[in-house]
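Participant: For reference, the file run.txt (compact mmCIF, C-alpha atoms) is included below:
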```
# COMPACT_ATOMS: atom_id res chain seq x y z
CA MET A 208 0.00 0.00 0.00
CA SER A 209 1.40 3.42 -0.91
CA ASP A 210 1.71 6.23 1.62
CA TYR A 211 -1.21 8.59 0.96
CA SER A 212 0.54 11.34 2.92
CA CYS A 213 2.67 12.12 -0.16
CA ASN A 214 -0.46 13.78 -1.60
CA LEU A 215 -1.31 15.99 1.39
CA PRO A 216 -2.54 19.50 0.58
CA LYS A 217 -0.60 22.57 1.69
CA VAL A 218 -2.46 24.37 4.48
CA GLY A 219 -1.48 26.82 7.22
CA MET A 220 2.29 27.02 7.74
CA SER A 221 2.98 24.53 4.95
CA LEU A 222 1.78 27.19 2.52
CA ILE A 223 4.83 29.32 3.28
CA ILE A 224 7.57 26.80 4.18
CA ASN A 225 8.60 23.39 2.91
CA ASN A 226 11.27 22.63 5.52
CA LEU A 227 11.07 23.45 9.22
CA MET A 228 14.61 24.81 9.27
CA SER A 229 13.29 27.90 7.48
CA ILE A 230 11.52 28.97 10.69
CA PHE A 231 14.83 29.54 12.46
CA GLU A 232 16.29 31.92 9.86
CA GLN A 233 14.66 34.90 11.60
CA TYR A 234 16.86 34.50 14.70
CA ASN A 235 20.19 35.18 12.93
CA MET A 236 21.76 32.37 14.92
CA GLU A 237 25.23 32.73 13.41
CA GLU A 238 25.55 36.27 14.72
CA ASN A 239 23.38 36.37 17.84
CA TYR A 240 23.87 33.15 19.82
CA LYS A 241 26.61 30.99 21.27
CA SER A 242 24.31 28.08 22.08
CA ILE A 243 20.82 26.78 21.30
CA ILE A 244 18.68 24.81 23.78
CA LEU A 245 15.62 22.85 22.68
CA SER A 246 13.50 22.33 25.78
CA THR A 247 10.74 19.76 26.16
CA SER A 248 9.02 18.02 29.08
CA SER A 249 6.79 15.18 30.24
CA GLN A 250 5.19 13.73 33.36
CA PRO A 251 6.83 10.46 34.50
CA ASN A 252 3.53 9.17 35.87
CA SER A 253 3.91 6.24 33.48
CA LYS A 254 6.48 4.92 31.07
CA PRO A 255 6.62 7.06 27.91
CA HIS A 256 3.86 6.25 25.42
CA LEU A 257 3.86 6.61 21.65
CA GLY A 258 2.88 10.30 21.70
CA THR A 259 5.67 11.11 24.16
CA TYR A 260 8.18 9.31 21.96
CA VAL A 261 7.02 11.33 18.94
CA ASN A 262 7.60 14.59 20.80
CA LEU A 263 11.05 13.51 21.97
CA CYS A 264 11.97 12.37 18.45
CA CYS A 265 10.94 15.73 17.00
CA SER A 266 13.11 17.51 19.58
CA PHE A 267 16.24 15.45 18.83
CA ILE A 268 15.76 15.49 15.06
CA LEU A 269 15.34 19.27 15.03
CA ALA A 270 18.42 19.64 17.24
CA SER A 271 20.40 17.37 14.92
CA LYS A 272 19.46 19.41 11.86
CA LEU A 273 20.31 22.66 13.65
CA LYS A 274 23.65 21.13 14.63
CA GLN A 275 24.37 20.27 11.00
CA LYS A 276 23.48 23.79 9.89
CA TYR A 277 25.25 25.69 12.66
CA GLU A 278 28.39 23.63 13.23
CA ASN A 279 30.03 26.17 15.54
CA LYS A 280 27.11 26.33 17.98
CA ASN A 281 26.55 24.26 21.12
CA ILE A 282 23.14 22.65 20.60
CA THR A 283 21.53 20.54 23.32
CA ILE A 284 18.21 19.05 24.46
CA GLU A 285 16.85 20.03 27.86
CA PHE A 286 14.29 17.58 29.25
CA ASP A 287 12.10 18.70 32.16
CA SER A 288 10.71 15.87 34.28
CA LEU A 289 7.40 16.98 35.80
CA GLU A 290 7.31 14.64 38.77
CA ASN A 291 5.19 17.19 40.65
CA SER A 292 2.20 15.99 38.56
CA LEU A 293 2.08 12.36 39.59
CA TYR A 294 -1.43 11.03 39.17
CA TYR A 295 -1.83 7.27 39.72
CA VAL A 296 1.77 6.84 40.92
CA ASP A 297 1.78 5.68 44.53
CA LYS A 298 5.22 4.14 44.96
CA ASP A 299 8.73 5.57 44.66
CA ASP A 300 9.97 2.43 42.92
CA GLU A 301 7.30 2.87 40.22
CA LEU A 302 8.43 6.47 39.66
CA SER A 303 12.07 5.33 39.49
CA GLU A 304 11.18 2.70 36.89
CA ASN A 305 9.30 5.27 34.79
CA VAL A 306 12.24 7.70 34.97
CA ARG A 307 14.61 4.87 34.02
CA MET A 308 12.61 4.28 30.82
CA TYR A 309 12.59 7.98 29.99
CA LYS A 310 16.36 8.10 30.33
CA TYR A 311 16.66 4.98 28.19
CA ILE A 312 14.69 6.65 25.38
CA LEU A 313 16.58 9.93 25.78
CA SER A 314 19.92 8.10 25.63
CA PHE A 315 18.84 6.12 22.56
CA LEU A 316 17.86 9.30 20.70
CA SER A 317 20.96 11.14 21.93
CA THR A 318 23.18 8.43 20.45
CA LYS A 319 21.23 8.13 17.20
CA TYR A 320 21.22 11.87 16.48
CA ASN A 321 24.51 12.78 18.18
CA VAL A 322 22.90 15.42 20.38
CA LEU A 323 23.60 15.74 24.11
CA TYR A 324 20.76 16.16 26.60
CA THR A 325 20.23 17.23 30.20
CA PHE A 326 17.60 15.78 32.53
CA ARG A 327 16.13 18.37 34.91
CA SER A 328 13.77 17.52 37.75
CA PHE A 329 10.91 19.83 38.72
CA ASP A 330 12.69 20.49 42.02
CA GLU A 331 15.75 21.72 40.10
CA PHE A 332 13.55 23.88 37.87
CA ARG A 333 11.77 25.63 40.75
CA ASN A 334 15.13 26.23 42.49
CA ILE A 335 16.36 28.48 39.67
CA ASP A 336 16.58 32.07 40.95
CA ILE A 337 14.68 33.60 38.03
CA ILE A 338 11.84 31.11 38.57
CA LYS A 339 11.57 32.00 42.25
CA ARG A 340 11.56 35.72 41.45
CA ASN A 341 8.77 35.28 38.92
CA LEU A 342 6.80 33.13 41.37
CA SER A 343 7.12 35.91 43.97
CA TYR A 344 5.86 38.44 41.41
CA TYR A 345 2.91 36.20 40.63
CA LEU A 346 1.93 35.76 44.28
CA ILE A 347 2.03 39.53 44.87
CA ASN A 348 -0.06 40.19 41.74
CA LYS A 349 -2.09 36.97 41.78
CA ASP A 350 -5.57 38.51 41.57
CA GLU A 351 -4.83 40.50 38.41
CA ILE A 352 -2.80 37.78 36.67
CA ASP A 353 -5.42 35.11 37.42
CA LYS A 354 -8.04 37.08 35.48
CA VAL A 355 -6.14 36.06 32.33
CA ILE A 356 -4.44 32.76 33.09
CA ASN A 357 -6.89 31.30 35.60
CA PRO A 358 -10.40 32.64 34.77
CA GLU A 359 -12.26 29.86 36.60
CA GLN A 360 -10.07 30.14 39.70
CA TYR A 361 -8.59 26.66 39.76
CA SER A 362 -5.68 26.09 42.10
CA THR A 363 -2.36 27.38 40.78
CA ILE A 364 -0.28 27.12 43.98
CA ARG A 365 0.07 24.09 46.24
CA ALA A 366 1.91 23.30 49.48
CA PHE A 367 2.20 20.30 51.79
CA CYS A 368 0.24 20.30 55.02
CA PRO A 369 2.84 20.11 57.85
CA LYS A 370 0.74 17.49 59.69
CA CYS A 371 -0.59 15.02 57.10
CA LYS A 372 2.00 15.81 54.41
CA GLU A 373 -0.75 15.88 51.77
CA LYS A 374 -0.54 18.43 48.97
CA ILE A 375 -3.00 21.25 49.71
CA GLU A 376 -4.41 23.49 46.97
CA ASN A 377 -6.71 25.80 48.91
CA ILE A 378 -5.12 29.24 49.49
CA THR A 379 -7.18 31.48 51.78
CA ASP A 380 -4.90 34.53 51.98
CA ILE A 381 -1.62 36.06 50.76
CA ASN A 382 0.07 38.93 52.61
CA ASN A 383 3.10 40.82 51.37
CA LEU A 384 5.05 41.27 54.62
CA SER A 385 8.04 43.03 53.08
CA LYS A 386 9.91 43.39 49.81
CA ASN A 387 11.16 39.80 49.85
CA ARG A 388 8.86 38.07 52.31
CA LEU A 389 5.34 36.68 51.85
CA GLU A 390 2.83 35.09 54.21
CA ILE A 391 0.63 32.49 52.52
CA THR A 392 -2.28 30.84 54.29
CA PHE A 393 -3.64 27.44 53.23
CA GLU A 394 -6.51 25.36 54.55
CA CYS A 395 -6.28 21.58 54.95
CA GLU A 396 -9.68 19.87 55.13
CA GLU A 397 -8.45 17.59 57.90
CA HIS A 398 -6.11 19.84 59.91
CA GLY A 399 -7.44 23.32 59.22
CA ILE A 400 -5.46 26.50 58.63
CA PHE A 401 -1.67 26.61 58.32
CA THR A 402 0.52 29.55 57.36
CA LEU A 403 3.87 29.70 55.58
CA GLN A 404 6.12 32.74 55.86
CA LEU A 405 8.53 32.53 52.97
CA CYS A 406 11.25 34.79 51.64
CA ASP A 407 11.98 34.63 47.91
CA ASP A 408 14.71 32.02 48.40
CA GLN A 409 12.23 29.69 50.13
CA LEU A 410 9.55 29.74 47.42
CA ASN A 411 10.92 26.43 46.13
CA LYS A 412 8.76 24.85 48.86
CA LEU A 413 5.70 25.63 46.72
CA ASP A 414 4.34 23.61 43.82
CA PHE A 415 2.70 25.42 40.90
CA SER A 416 0.38 24.66 38.01
CA ALA A 417 0.86 24.03 34.30
CA GLN A 418 0.00 27.63 33.39
CA LEU A 419 2.76 29.04 35.57
CA ARG A 420 5.32 26.43 34.55
CA ASP A 421 4.64 27.22 30.89
CA ILE A 422 4.91 30.97 31.42
CA PHE A 423 7.98 30.69 33.64
CA LYS A 424 9.83 28.63 31.03
CA GLY A 425 9.01 31.31 28.48
CA LEU A 426 10.39 33.93 30.85
CA MET A 427 13.54 31.81 31.17
CA SER A 428 14.13 32.36 27.46
CA ASP A 429 14.32 36.12 28.05
CA TYR A 430 16.90 35.55 30.79
CA LEU A 431 19.00 33.20 28.61
CA GLU A 432 18.86 35.67 25.73
CA LYS A 433 21.08 37.99 27.76
CA LYS A 434 23.65 35.19 27.93
CA ASP A 435 23.60 34.70 24.13
CA GLN A 436 21.60 31.49 24.49
CA LEU A 437 18.49 30.79 22.44
CA LEU A 438 15.78 28.70 24.14
CA ILE A 439 13.32 26.97 21.82
CA MET A 440 10.33 25.31 23.51
CA VAL A 441 9.17 22.04 21.88
CA ASP A 442 5.74 20.82 22.96
CA GLY A 443 2.86 18.74 21.65
CA ARG A 444 0.29 20.57 19.57
CA ASP A 445 -2.27 20.39 22.39
CA TRP A 446 -0.35 23.31 23.95
CA SER A 447 -0.83 25.51 20.88
CA ASN A 448 -3.78 27.64 19.68
CA GLU A 449 -5.79 29.22 22.52
CA TRP A 450 -3.44 27.97 25.24
CA ASP A 451 -0.42 29.59 23.61
CA HIS A 452 -2.32 32.80 22.86
CA TYR A 453 -4.25 33.35 26.09
CA ILE A 454 -2.00 31.66 28.64
CA HIS A 455 1.56 31.80 27.37
CA LEU A 456 1.70 35.00 25.32
CA LYS A 457 -0.75 37.12 27.31
CA GLY A 458 0.55 35.62 30.53
CA LYS A 459 4.13 36.69 29.76
CA LYS A 460 2.97 40.25 29.19
CA LEU A 461 1.47 40.30 32.68
CA PHE A 462 5.01 39.69 33.93
CA LEU A 463 6.11 42.74 31.90
CA HIS A 464 7.80 40.70 29.16
CA ASP A 465 6.83 41.20 25.51
CA ARG A 466 9.38 39.00 23.77
CA VAL A 467 7.83 35.96 22.10
CA THR A 468 9.56 32.70 23.02
CA PRO A 469 10.47 30.57 19.96
CA ARG A 470 8.19 27.56 20.04
CA ILE A 471 7.59 24.43 17.95
CA PHE A 472 4.42 22.36 18.36
CA THR A 473 4.74 18.72 17.34
CA PRO A 474 2.05 16.45 15.79
CA LEU A 475 -0.39 14.79 18.15
CA ILE A 476 -0.94 11.04 18.22
CA LEU A 477 -4.68 10.37 18.21
CA ASP A 478 -6.87 7.49 19.23
CA SER A 479 -9.47 5.99 16.91
CA TYR A 480 -12.01 8.62 18.01
CA GLY A 481 -9.79 11.59 17.16
CA GLY A 482 -8.79 12.34 20.74
CA LYS A 483 -5.21 12.69 21.97
CA LEU A 484 -3.57 9.49 23.23
CA SER A 485 -3.63 10.56 26.86
CA LYS A 486 -1.96 9.23 30.00
CA SER A 487 -4.57 11.07 32.06
CA LEU A 488 -7.13 8.68 30.58
CA TYR A 489 -5.42 5.33 30.30
CA LEU A 490 -3.81 5.53 33.75
CA ASN A 491 -7.30 5.77 35.21
CA PRO A 492 -8.18 2.21 36.28
CA GLU A 493 -11.82 2.85 35.34
CA PHE A 494 -10.97 3.77 31.72
CA ARG A 495 -9.97 1.57 28.82
CA TYR A 496 -9.15 2.64 25.27
CA LYS A 497 -11.25 0.90 22.62
CA GLY A 498 -9.92 0.03 19.20
CA ILE A 499 -6.28 0.50 20.23
CA GLU A 500 -3.82 -2.20 21.12
CA CYS A 501 -2.78 -1.58 24.71
CA ASN A 502 0.91 -1.94 23.88
CA PHE A 503 0.85 1.53 22.31
CA GLU A 504 0.40 3.01 25.75
CA ASN A 505 3.98 2.01 26.58
CA ILE A 506 6.95 2.45 24.24
CA GLU A 507 8.82 -0.28 26.16
CA THR A 508 6.14 -2.82 25.24
CA ILE A 509 6.27 -1.72 21.59
CA GLU A 510 10.00 -2.46 21.60
CA GLN A 511 9.44 -5.86 23.21
CA ILE A 512 6.83 -6.85 20.60
CA TYR A 513 8.36 -5.36 17.44
CA GLY A 514 12.04 -5.38 18.42
CA LYS A 515 14.56 -2.56 18.81
CA LYS A 516 14.09 -1.75 15.13
CA SER A 517 10.67 -0.34 16.09
CA LEU A 518 12.25 2.72 17.68
CA ASN A 519 14.19 3.35 14.48
CA ILE A 520 11.17 2.78 12.24
CA ILE A 521 9.14 5.35 14.16
CA SER A 522 11.95 7.91 14.43
CA ASP A 523 12.77 7.58 10.71
CA GLU A 524 9.10 8.17 9.91
CA ILE A 525 9.07 11.26 12.11
CA GLU A 526 12.18 12.60 10.38
CA SER A 527 10.25 12.47 7.12
CA TRP A 528 7.62 14.73 8.72
CA ILE A 529 10.24 17.31 9.64
CA ASN A 530 11.66 17.22 6.11
CA ASP A 531 8.21 17.90 4.62
CA SER A 532 5.99 20.55 6.22
CA THR A 533 2.80 19.02 4.80
CA LYS A 534 3.56 15.95 6.93
CA PHE A 535 4.58 17.90 10.02
CA TYR A 536 1.62 20.29 10.27
CA ARG A 537 -0.99 17.61 10.88
CA ASP A 538 -1.75 14.88 13.41
CA TYR A 539 -1.52 11.08 13.17
CA THR A 540 -3.53 8.19 14.55
CA VAL A 541 -2.06 5.33 16.52
CA ASN A 542 -3.29 3.02 13.76
CA TYR A 543 -1.20 4.87 11.15
CA LEU A 544 2.03 4.28 13.08
CA HIS A 545 0.94 0.71 13.84
CA LYS A 546 0.68 0.03 10.12
CA LYS A 547 4.14 1.60 9.65
CA LEU A 548 5.57 -0.82 12.20
CA LYS A 549 3.95 -3.79 10.47
CA GLY A 550 5.15 -2.61 7.04
CA GLU A 551 1.64 -2.13 5.70
CA ILE A 552 2.40 1.49 4.74
CA ILE A 553 5.56 2.13 2.72
```
Output the file's structure as structure tokens, nothing else.
Facilitator:
Amino acid sequence: MSDYSCNLPKVGMSLIINNLMSIFEQYNMEENYKSIILSTSSQPNSKPHLGTYVNLCCSFILASKLKQKYENKNITIEFDSLENSLYYVDKDDELSENVRMYKYILSFLSTKYNVLYTFRSFDEFRNIDIIKRNLSYYLINKDEIDKVINPEQYSTIRAFCPKCKEKIENITDINNLSKNRLEITFECEEHGIFTLQLCDDQLNKLDFSAQLRDIFKGLMSDYLEKKDQLLIMVDGRDWSNEWDHYIHLKGKKLFLHDRVTPRIFTPLILDSYGGKLSKSLYLNPEFRYKGIECNFENIETIEQIYGKKSLNIISDEIESWINDSTKFYRDYTVNYLHKKLKGEII
């Protein structure tokens, strides 16, 4: 069977570019930067699934092509592990096993594409000085910023109750005690009110939501710019469109930053109903995907069934997407990649 994707129409960005490398011309990399960092992330609440592998492949392949084009630049992958968002993970050994598989995939891609990577935990991310300063600014201006990034007033800040050690999301009050010191009051349903008095350096005791993490990483790019480093965020396409416009771009302006962070959104892997292949769903013991082989929820199982060549087959397919914008600016079903693995699509 021939690959129908060779006849895809040009729409959106594919109308103006054929190869993704054209996007980066605007940054004058030869003159302006000493190094380029492609930053991506994932939650290690399970072993990486097919969609996660696609995003990681896109990151390494793009980095490899940038490395070929800009031979005198230091080009690396920065992977953020979001272990603060651990739904359905109850044991430390399960988390360690998930992280082990992520590092296995990262190392495989690093070797294949000759691109170095760093692995950064959420704790390391929130300990960066610029992150803590931006978190302090958010807490002081929370009411105004939340009108844009948190219109339905979901929890954006979390802390552990000192008695039960459970993560508490309910903030009842924030007081600015001095220039660098805040008093934040939380309410635990079981143990009642508790108050944290934190200076800026202690804000790493707080956990924060996806909106803030996304904005803060964008703000990091402004900081790195001053050090002649270009940060390019690489995320799945579910973080594009309204999220990028209303949360990321408008959110950054609320922190008094207007510079747009370079960003690439990678194709989504869809189930048979057109929804994103989602860990939030399949990790729920009450949910089961229909019409999808369960092994596609775990890249390790794919490798066990189809052999180590399966990782190469998928990554080679993804490289063809990056070489042809009509293939990159679209999404793919699990069944499409399954047929690729079985050799039913050439």
Participant: Any idea what the distance is between atom CA of Ile335 of chain A and atom CA of Thr247 of chain A?
Facilitator: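 Answer for the atom CA of Ile335 of chain A to atom CA of Thr247 of chain A separation: 17.0 Å.
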Participant: With distances taken over all atoms listed in the file, which residue among A:Tyr361, A:Tyr344, A:Phe535, A:Phe393 lies nearest Lys459 of chain A?
Facilitator: A:Tyr344
Participant: Between A:Ile512, A:Asn252, A:Glu285, A:Phe423, which is the closest to Asp299 of chain A once you count all atoms listed in the file?
Facilitator: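 Smallest distance to Asp299 of chain A is found for A:Asn252.
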Participant: What lies within 8 Å of segment 521-529 of chain A using all atoms listed in the file, ignoring chain neighbours under 4 positions off, as a list in words?
Facilitator: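 The residues satisfying every condition are Asn226, Leu227, Val261, Cys264, Cys265, Ile268, Leu269, Ser517, Thr533, Lys534, Phe535, Leu544, Lys547 and Leu548 of chain A.
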Participant: Give the answer as one residue: which of A:Asn411, A:Thr508, A:Thr392, A:Asn382 has the shortest atom-to-atom distance to Lys339 of chain A, using all atoms listed in the file?
Facilitator: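 Residue with the minimum atom-to-atom distance to Lys339 of chain A: A:Asn411.
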Participant: Between atom CA of Phe231 of chain A and atom CA of Ser271 of chain A, what is the distance in Å, rounded to a tenth?
Facilitator: 13.6 Å
Participant: Kindly indicate which residue among A:Ser362, A:Ser221, A:Ser242, A:Thr473 lies nearest to Gln418 of chain A, using all atoms listed in the file for the distances.
Facilitator: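 Between A:Ser362, A:Ser221, A:Ser242, A:Thr473, the residue approaching Gln418 of chain A most closely is A:Ser362.
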Participant: Give me, please, the distance in Å between atom CA of Met440 of chain A and atom CA of Ser416 of chain A, quoted to one decimal.
Facilitator: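 For atom CA of Met440 of chain A relative to atom CA of Ser416 of chain A, the distance reads 17.6 Å.
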Participant: Which of these, A:Leu518, A:Leu245, A:Leu389, A:Leu410, has the shortest distance to Ile506 of chain A once you count only C-alpha atoms?
Facilitator: A:Leu518
Participant: List every protein, DNA or RNA residue with an atom no more than 12 Å from (21.2, 12.0, 21.3) in the file's coordinates, counting only C-alpha atoms, and format the result as an NGL selection string.
Facilitator: :A and (263-271 or 274 or 282-286 or 310-325)
Participant: Which residue, A:Glu359, A:Asp300, A:Asp380, A:Asp408, has the smallest gap to Arg340 of chain A when you use all atoms listed in the file?
Facilitator: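 Result for the nearest residue to Arg340 of chain A: A:Asp408.
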Participant: Determine, counting only C-alpha atoms, which protein, DNA and RNA residues have an atom within 8 Å of an atom of Ile352 of chain A; residues of the same chain fewer than 5 positions away are not included. Present the result as a list in words.
Facilitator: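 Once the nearby chain positions are removed, what remains is Tyr345, Asn357, Gly458 and Leu461 of chain A.
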Participant: Within 10 Å of (-2.4, 5.2, 10.1) (coordinates as in the file), grab all the protein and nucleic acid residues, counting only C-alpha atoms, and write them out as a list in words.
Facilitator: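 Within the cut-off we find Asp210, Tyr211, Ser212, Leu477, Ser479, Tyr539, Thr540, Val541, Asn542, Tyr543, Leu544, His545, Lys546, Lys547, Glu551 and Ile552 of chain A.
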Participant: Can you list, as an MDAnalysis selection string, every protein, DNA or RNA residue that comes within 12 Å of Glu394 of chain A when you count all atoms listed in the file, leaving out same-chain residues fewer than 6 positions away?
Facilitator: chainID A and resid 365:370 373:380 400:403
Participant: Need the shell around Ile422 of chain A: protein/DNA/RNA residues with any atom at most 9 Å away, counting all atoms listed in the file. Skip same-chain ones fewer than 2 positions apart. Format as number ranges by chain?
Facilitator: A: 417-420, 424-427, 454-456, 458-459
Participant: Excluding Asp435 of chain A and its own-chain neighbours fewer than 6 positions away, which residues fall within 9 Å of it when counting all atoms listed in the file? Please give them as a list in words.
Facilitator: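 Near neighbours after the sequence-gap exclusion: Asn239, Tyr240, Lys241, Ser242 and Ile243 of chain A.
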Participant: Taking all atoms of segment 278-295 of chain A that appear in the file, build a box with edges along x, y and z, extend it by 3 Å on every side, and state its centre and edge lengths in Å to one decimal, as lines of an AutoDock Vina configuration file.
Facilitator:
```
center_x = 14.1
center_y = 16.8
center_z = 26.9
size_x = 37.9
size_y = 25.1
size_z = 33.4
```
